[in-house]
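J.: Structure supplied as final36.cif; contents: mmCIF, C-alpha atoms; chains and numbers go by the auth columns.
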```cif
data_entry
loop_
_atom_site.group_PDB
_atom_site.id
_atom_site.type_symbol
_atom_site.label_atom_id
_atom_site.label_comp_id
_atom_site.label_asym_id
_atom_site.label_seq_id
_atom_site.Cartn_x
_atom_site.Cartn_y
_atom_site.Cartn_z
_atom_site.B_iso_or_equiv
_atom_site.auth_seq_id
_atom_site.auth_asym_id
ATOM 1 C CA MET A 1 102.666 28.468 105.551 0.00 25 A
ATOM 2 C CA THR A 2 104.146 25.746 103.401 0.00 26 A
ATOM 3 C CA LYS A 3 102.279 22.846 101.922 0.00 27 A
ATOM 4 C CA ALA A 4 103.884 20.408 104.364 0.00 28 A
ATOM 5 C CA GLY A 5 102.902 22.693 107.278 0.00 29 A
ATOM 6 C CA ARG A 6 99.263 22.756 106.133 0.00 30 A
ATOM 7 C CA ILE A 7 99.170 18.972 105.846 0.00 31 A
ATOM 8 C CA MET A 8 100.639 18.628 109.356 0.00 32 A
ATOM 9 C CA ALA A 9 98.101 21.123 110.749 0.00 33 A
ATOM 10 C CA LEU A 10 95.164 19.330 109.086 0.00 34 A
ATOM 11 C CA THR A 11 96.443 15.966 110.310 0.00 35 A
ATOM 12 C CA ALA A 12 96.785 17.310 113.854 0.00 36 A
ATOM 13 C CA MET A 13 93.293 18.849 113.708 0.00 37 A
ATOM 14 C CA GLY A 14 91.819 15.580 112.411 0.00 38 A
ATOM 15 C CA SER A 15 93.531 13.613 115.188 0.00 39 A
ATOM 16 C CA VAL A 16 92.203 15.972 117.867 0.00 40 A
ATOM 17 C CA LEU A 17 88.656 15.726 116.499 0.00 41 A
ATOM 18 C CA THR A 18 88.866 11.942 116.361 0.00 42 A
ATOM 19 C CA LEU A 19 90.158 11.692 119.931 0.00 43 A
ATOM 20 C CA THR A 20 87.550 14.083 121.342 0.00 44 A
ATOM 21 C CA GLY A 21 84.800 12.157 119.541 0.00 45 A
ATOM 22 C CA ALA A 22 85.818 9.052 121.481 0.00 46 A
ATOM 23 C CA CYS A 23 84.968 10.821 124.767 0.00 47 A
ATOM 24 C CA VAL A 24 81.274 11.199 123.953 0.00 48 A
ATOM 25 C CA PRO A 25 79.075 9.504 126.572 0.00 49 A
ATOM 26 C CA LEU A 26 77.343 6.353 125.364 0.00 50 A
ATOM 27 C CA ARG A 27 73.630 6.030 126.006 0.00 51 A
ATOM 28 C CA SER A 28 71.679 2.804 126.085 0.00 52 A
ATOM 29 C CA HIS A 29 68.132 1.661 126.795 0.00 53 A
ATOM 30 C CA GLN A 30 67.311 -1.672 128.380 0.00 54 A
ATOM 31 C CA GLY A 31 63.981 -3.346 128.944 0.00 55 A
ATOM 32 C CA TYR A 32 60.432 -2.311 128.228 0.00 56 A
ATOM 33 C CA ILE A 33 59.702 0.725 126.043 0.00 57 A
ATOM 34 C CA ILE A 34 57.187 2.751 128.042 0.00 58 A
ATOM 35 C CA ASP A 35 54.241 4.347 126.261 0.00 59 A
ATOM 36 C CA ALA A 36 52.626 6.679 128.813 0.00 60 A
ATOM 37 C CA ASP A 37 49.216 6.616 127.104 0.00 61 A
ATOM 38 C CA LEU A 38 49.065 2.814 127.158 0.00 62 A
ATOM 39 C CA VAL A 39 50.230 2.625 130.771 0.00 63 A
ATOM 40 C CA ASN A 40 47.659 5.227 131.854 0.00 64 A
ATOM 41 C CA SER A 41 44.893 3.295 130.070 0.00 65 A
ATOM 42 C CA VAL A 42 45.249 0.358 132.502 0.00 66 A
ATOM 43 C CA GLN A 43 42.780 0.975 135.336 0.00 67 A
ATOM 44 C CA PRO A 44 42.561 -0.824 138.714 0.00 68 A
ATOM 45 C CA GLY A 45 39.250 -2.622 139.181 0.00 69 A
ATOM 46 C CA VAL A 46 38.499 -2.492 135.437 0.00 70 A
ATOM 47 C CA ASP A 47 41.255 -4.396 133.625 0.00 71 A
ATOM 48 C CA ASN A 48 42.260 -8.025 134.077 0.00 72 A
ATOM 49 C CA ARG A 49 45.323 -10.098 133.160 0.00 73 A
ATOM 50 C CA ASN A 50 44.212 -10.629 129.554 0.00 74 A
ATOM 51 C CA SER A 51 43.464 -6.953 128.896 0.00 75 A
ATOM 52 C CA VAL A 52 46.792 -5.890 130.447 0.00 76 A
ATOM 53 C CA LEU A 53 48.592 -8.453 128.294 0.00 77 A
ATOM 54 C CA LYS A 54 46.872 -7.097 125.172 0.00 78 A
ATOM 55 C CA VAL A 55 47.594 -3.443 126.034 0.00 79 A
ATOM 56 C CA LEU A 56 51.115 -3.594 127.525 0.00 80 A
ATOM 57 C CA GLY A 57 52.401 -6.897 126.199 0.00 81 A
ATOM 58 C CA LYS A 58 54.399 -9.527 128.041 0.00 82 A
ATOM 59 C CA PRO A 59 55.915 -8.254 131.319 0.00 83 A
ATOM 60 C CA SER A 60 59.673 -8.066 131.927 0.00 84 A
ATOM 61 C CA PHE A 61 59.189 -10.620 134.707 0.00 85 A
ATOM 62 C CA THR A 62 56.491 -11.911 137.048 0.00 86 A
ATOM 63 C CA SER A 63 56.482 -12.476 140.770 0.00 87 A
ATOM 64 C CA GLN A 64 56.111 -15.991 142.072 0.00 88 A
ATOM 65 C CA PHE A 65 54.340 -14.674 145.167 0.00 89 A
ATOM 66 C CA ASN A 66 51.458 -12.235 145.783 0.00 90 A
ATOM 67 C CA GLN A 67 49.115 -13.620 143.081 0.00 91 A
ATOM 68 C CA GLY A 68 51.854 -13.253 140.449 0.00 92 A
ATOM 69 C CA ASP A 69 52.468 -9.494 140.241 0.00 93 A
ATOM 70 C CA TRP A 70 53.726 -8.302 136.860 0.00 94 A
ATOM 71 C CA TYR A 71 56.724 -5.996 136.447 0.00 95 A
ATOM 72 C CA TYR A 72 57.598 -3.827 133.456 0.00 96 A
ATOM 73 C CA ILE A 73 61.090 -2.316 133.728 0.00 97 A
ATOM 74 C CA ALA A 74 62.702 0.356 131.554 0.00 98 A
ATOM 75 C CA ARG A 75 66.210 1.716 132.188 0.00 99 A
ATOM 76 C CA ASP A 76 68.282 4.361 130.439 0.00 100 A
ATOM 77 C CA SER A 77 72.027 4.155 131.158 0.00 101 A
ATOM 78 C CA ARG A 78 75.054 6.260 130.339 0.00 102 A
ATOM 79 C CA ASN A 79 78.734 5.568 130.461 0.00 103 A
ATOM 80 C CA LEU A 80 81.852 7.379 129.380 0.00 104 A
ATOM 81 C CA ALA A 81 84.437 5.362 127.423 0.00 105 A
ATOM 82 C CA TYR A 82 85.388 2.301 129.472 0.00 106 A
ATOM 83 C CA LEU A 83 83.679 3.240 132.771 0.00 107 A
ATOM 84 C CA LYS A 84 80.799 1.240 134.238 0.00 108 A
ATOM 85 C CA PRO A 85 77.345 2.266 132.999 0.00 109 A
ATOM 86 C CA LYS A 86 75.261 4.268 135.483 0.00 110 A
ATOM 87 C CA ALA A 87 71.472 4.331 135.491 0.00 111 A
ATOM 88 C CA ALA A 88 70.358 7.791 134.357 0.00 112 A
ATOM 89 C CA SER A 89 66.671 6.939 134.748 0.00 113 A
ATOM 90 C CA GLN A 90 64.610 3.885 135.498 0.00 114 A
ATOM 91 C CA LEU A 91 60.906 3.205 135.658 0.00 115 A
ATOM 92 C CA THR A 92 59.545 0.075 137.289 0.00 116 A
ATOM 93 C CA LEU A 93 55.849 -0.505 136.766 0.00 117 A
ATOM 94 C CA LYS A 94 54.358 -3.086 139.147 0.00 118 A
ATOM 95 C CA ILE A 95 50.843 -4.316 138.425 0.00 119 A
ATOM 96 C CA SER A 96 49.199 -6.279 141.249 0.00 120 A
ATOM 97 C CA PHE A 97 46.217 -8.541 140.663 0.00 121 A
ATOM 98 C CA THR A 98 43.478 -9.898 142.908 0.00 122 A
ATOM 99 C CA ASP A 99 42.843 -13.638 143.254 0.00 123 A
ATOM 100 C CA ALA A 100 40.247 -13.301 140.476 0.00 124 A
ATOM 101 C CA GLY A 101 42.861 -11.791 138.119 0.00 125 A
ATOM 102 C CA VAL A 102 41.558 -8.198 138.185 0.00 126 A
ATOM 103 C CA VAL A 103 44.066 -5.332 138.453 0.00 127 A
ATOM 104 C CA LYS A 104 44.250 -4.337 142.117 0.00 128 A
ATOM 105 C CA ASP A 105 47.031 -1.729 142.133 0.00 129 A
ATOM 106 C CA ILE A 106 49.578 -0.068 139.852 0.00 130 A
ATOM 107 C CA THR A 107 52.820 1.130 141.442 0.00 131 A
ATOM 108 C CA ARG A 108 55.514 3.203 139.723 0.00 132 A
ATOM 109 C CA THR A 109 59.021 3.524 141.138 0.00 133 A
ATOM 110 C CA GLY A 110 62.105 5.194 139.739 0.00 134 A
ATOM 111 C CA VAL A 111 65.870 5.170 139.889 0.00 135 A
ATOM 112 C CA ASP A 112 65.754 5.886 143.637 0.00 136 A
ATOM 113 C CA GLN A 113 64.935 2.197 144.184 0.00 137 A
ATOM 114 C CA VAL A 114 68.043 0.951 142.347 0.00 138 A
ATOM 115 C CA ALA A 115 70.397 -0.836 144.741 0.00 139 A
ATOM 116 C CA SER A 116 74.135 -0.639 144.231 0.00 140 A
ATOM 117 C CA ILE A 117 75.795 -3.911 145.153 0.00 141 A
ATOM 118 C CA ASP A 118 79.546 -4.125 145.635 0.00 142 A
ATOM 119 C CA PRO A 119 80.892 -7.693 145.700 0.00 143 A
ATOM 120 C CA TYR A 120 83.264 -8.584 148.497 0.00 144 A
ATOM 121 C CA GLY A 121 86.758 -8.476 147.026 0.00 145 A
ATOM 122 C CA LYS A 122 87.899 -11.095 144.553 0.00 146 A
ATOM 123 C CA THR A 123 87.222 -14.118 146.748 0.00 147 A
ATOM 124 C CA THR A 124 84.141 -15.662 148.255 0.00 148 A
ATOM 125 C CA PRO A 125 84.480 -16.177 152.005 0.00 149 A
ATOM 126 C CA THR A 126 83.956 -19.823 152.974 0.00 150 A
ATOM 127 C CA LEU A 127 84.017 -21.852 156.145 0.00 151 A
ATOM 128 C CA GLY A 128 86.863 -24.249 156.757 0.00 152 A
ATOM 129 C CA ARG A 129 90.598 -23.939 156.734 0.00 153 A
ATOM 130 C CA LYS A 130 92.543 -21.822 154.321 0.00 154 A
ATOM 131 C CA ARG A 131 94.967 -23.691 152.122 0.00 155 A
ATOM 132 C CA SER A 132 97.930 -22.251 150.312 0.00 156 A
ATOM 133 C CA PHE A 133 98.466 -22.585 146.578 0.00 157 A
ATOM 134 C CA PHE A 134 100.865 -25.530 147.042 0.00 158 A
ATOM 135 C CA GLU A 135 98.524 -27.310 149.482 0.00 159 A
ATOM 136 C CA GLU A 136 95.754 -27.045 146.870 0.00 160 A
ATOM 137 C CA LEU A 137 98.084 -28.212 144.110 0.00 161 A
ATOM 138 C CA PHE A 138 99.693 -31.161 145.908 0.00 162 A
ATOM 139 C CA GLY A 139 97.045 -31.890 148.587 0.00 163 A
ATOM 140 C CA ASN A 140 95.603 -34.992 146.933 0.00 164 A
ATOM 141 C CA ILE A 141 98.901 -36.830 146.504 0.00 165 A
ATOM 142 C CA GLY A 142 98.618 -40.129 148.352 0.00 166 A
ATOM 143 C CA ALA A 143 94.850 -39.858 148.736 0.00 167 A
ATOM 144 C CA VAL A 144 94.160 -42.407 145.985 0.00 168 A
ATOM 145 C CA GLY A 145 93.537 -45.819 147.522 0.00 169 A
ATOM 146 C CA ALA A 146 93.324 -44.380 151.038 0.00 170 A
ATOM 147 C CA ALA A 147 91.171 -46.126 153.652 0.00 171 A
ATOM 148 C CA GLY A 148 87.451 -45.735 152.921 0.00 172 A
ATOM 149 C CA ALA A 149 88.080 -44.768 149.300 0.00 173 A
ATOM 150 C CA GLY A 150 86.917 -48.147 147.952 0.00 174 A
ATOM 151 C CA LYS A 151 88.787 -50.777 145.935 0.00 175 A
ATOM 152 C CA GLY A 152 90.972 -49.693 143.096 0.00 176 A
ATOM 153 C CA GLY A 153 90.501 -51.425 139.733 0.00 177 A
ATOM 154 C CA GLY A 154 88.452 -54.555 139.112 0.00 178 A
ATOM 155 C CA ASP A 155 84.700 -54.887 138.938 0.00 179 A
ATOM 156 C CA ASP A 156 82.919 -52.823 141.606 0.00 180 A
ATOM 157 C CA SER A 157 79.664 -54.783 141.249 0.00 181 A
ATOM 158 C CA GLN A 158 81.025 -57.743 143.238 0.00 182 A
ATOM 159 C CA PRO A 159 81.122 -57.602 147.064 0.00 183 A
#
```
Transcribe the structure of this file into structure tokens.

T.:
Amino acid sequence: MTKAGRIMALTAMGSVLTLTGACVPLRSHQGYIIDADLVNSVQPGVDNRNSVLKVLGKPSFTSQFNQGDWYYIARDSRNLAYLKPKAASQLTLKISFTDAGVVKDITRTGVDQVASIDPYGKTTPTLGRKRSFFEELFGNIGAVGAAGAGKGGGDDSQP
């Protein structure tokens, strides 16, 4: 094999390796970083809001109802190249409190509770008549100074 042939082969091999490296799935983590030992240390009937805050930290979000339940959410996602990320795993930790602020219940849910929402097309359905592009563009011509639109110019503070 000639020197030029070897260079071409190495260049081709390098290009193939570079292109296949771009197809590696991307992994990401979002939200709370779960420490199983810390989560298991929180006990219903024993801990209160302050002790949970000291052990687990600030929750991902809190409920505005049900005595302010606290939620800790952790999600691991994967996606390939330009595709939408898909949840590989998710843990939602819900801590419910009594009126006195004592831990009442701890609930764990997983990726099975993730809802997939598909928006309706590219438009939002509305009530009323549908107008074409040109009706939207030129629809207000002549509307300035129409009856009930008020006086044009001058001082509006005078009757």

J.: Which value, in Å to one decimal, gives the distance between CA of Asp100 (chain A) and CA of Val79 (chain A)?

T.: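 Those two atoms sit 22.5 Å apart.
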
J.: Contacts of Thr122 (chain A) at 10 Å or less, counting all atoms listed in the file, minus same-chain residues fewer than 5 places along, as a compact mmCIF listing (two decimals) with C-alpha atoms, in the frame of the given file?

T.:
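Full text of around.txt as output:
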```
# COMPACT_ATOMS: atom_id res chain seq x y z
CA GLY A 69 39.25 -2.62 139.18
CA ASN A 72 42.26 -8.02 134.08
CA ARG A 73 45.32 -10.10 133.16
CA ASN A 90 51.46 -12.24 145.78
CA GLN A 91 49.12 -13.62 143.08
CA GLY A 92 51.85 -13.25 140.45
CA ASP A 93 52.47 -9.49 140.24
CA VAL A 127 44.07 -5.33 138.45
CA LYS A 128 44.25 -4.34 142.12
CA ASP A 129 47.03 -1.73 142.13
```

J.: Report the distance between CA of Thr133 (chain A) and CA of Lys118 (chain A) in Å, rounded to one decimal place.

T.: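 So the answer is 8.3 Å.
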
J.: Need the neighbours of (50.6, 0.1, 137.1): which residues are at most 6 Å away, counting only C-alpha atoms, as a list in words?

T.: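 Looking at atoms near the point gives Leu117, Lys118, Ile119, Ile130 and Thr131 of chain A.
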
J.: Figure out the distance between CA of Leu50 (chain A) and CA of Arg102 (chain A), please, to one decimal in Å.

T.: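 Separating CA of Arg102 (chain A) from CA of Leu50 (chain A) is a distance of 5.5 Å.
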
J.: Please evaluate the PyMOL selection byres ((chain A and resi 56) around 7) against the structure above and give the resulting residues as a count of residues only.

T.: 8

J.: Residues within 6 Å of (55.6, -9.6, 135.4), file coordinates, counting all atoms listed in the file: what are they? Give the list as a list in words.

T.: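 Output: Pro83, Ser84, Phe85, Thr86, Asp93, Trp94 and Tyr95 of chain A.
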
J.: Report, as AutoDock Vina command-line options, the axis-aligned box around all atoms of region 153-165 of chain A present in the file, extended by 8 Å on each side; give centre and edge lengths in Å to one decimal place.

T.:
```
--center_x 95.7 --center_y -29.3 --center_z 150.4 --size_x 26.3 --size_y 31.0 --size_z 28.6
```
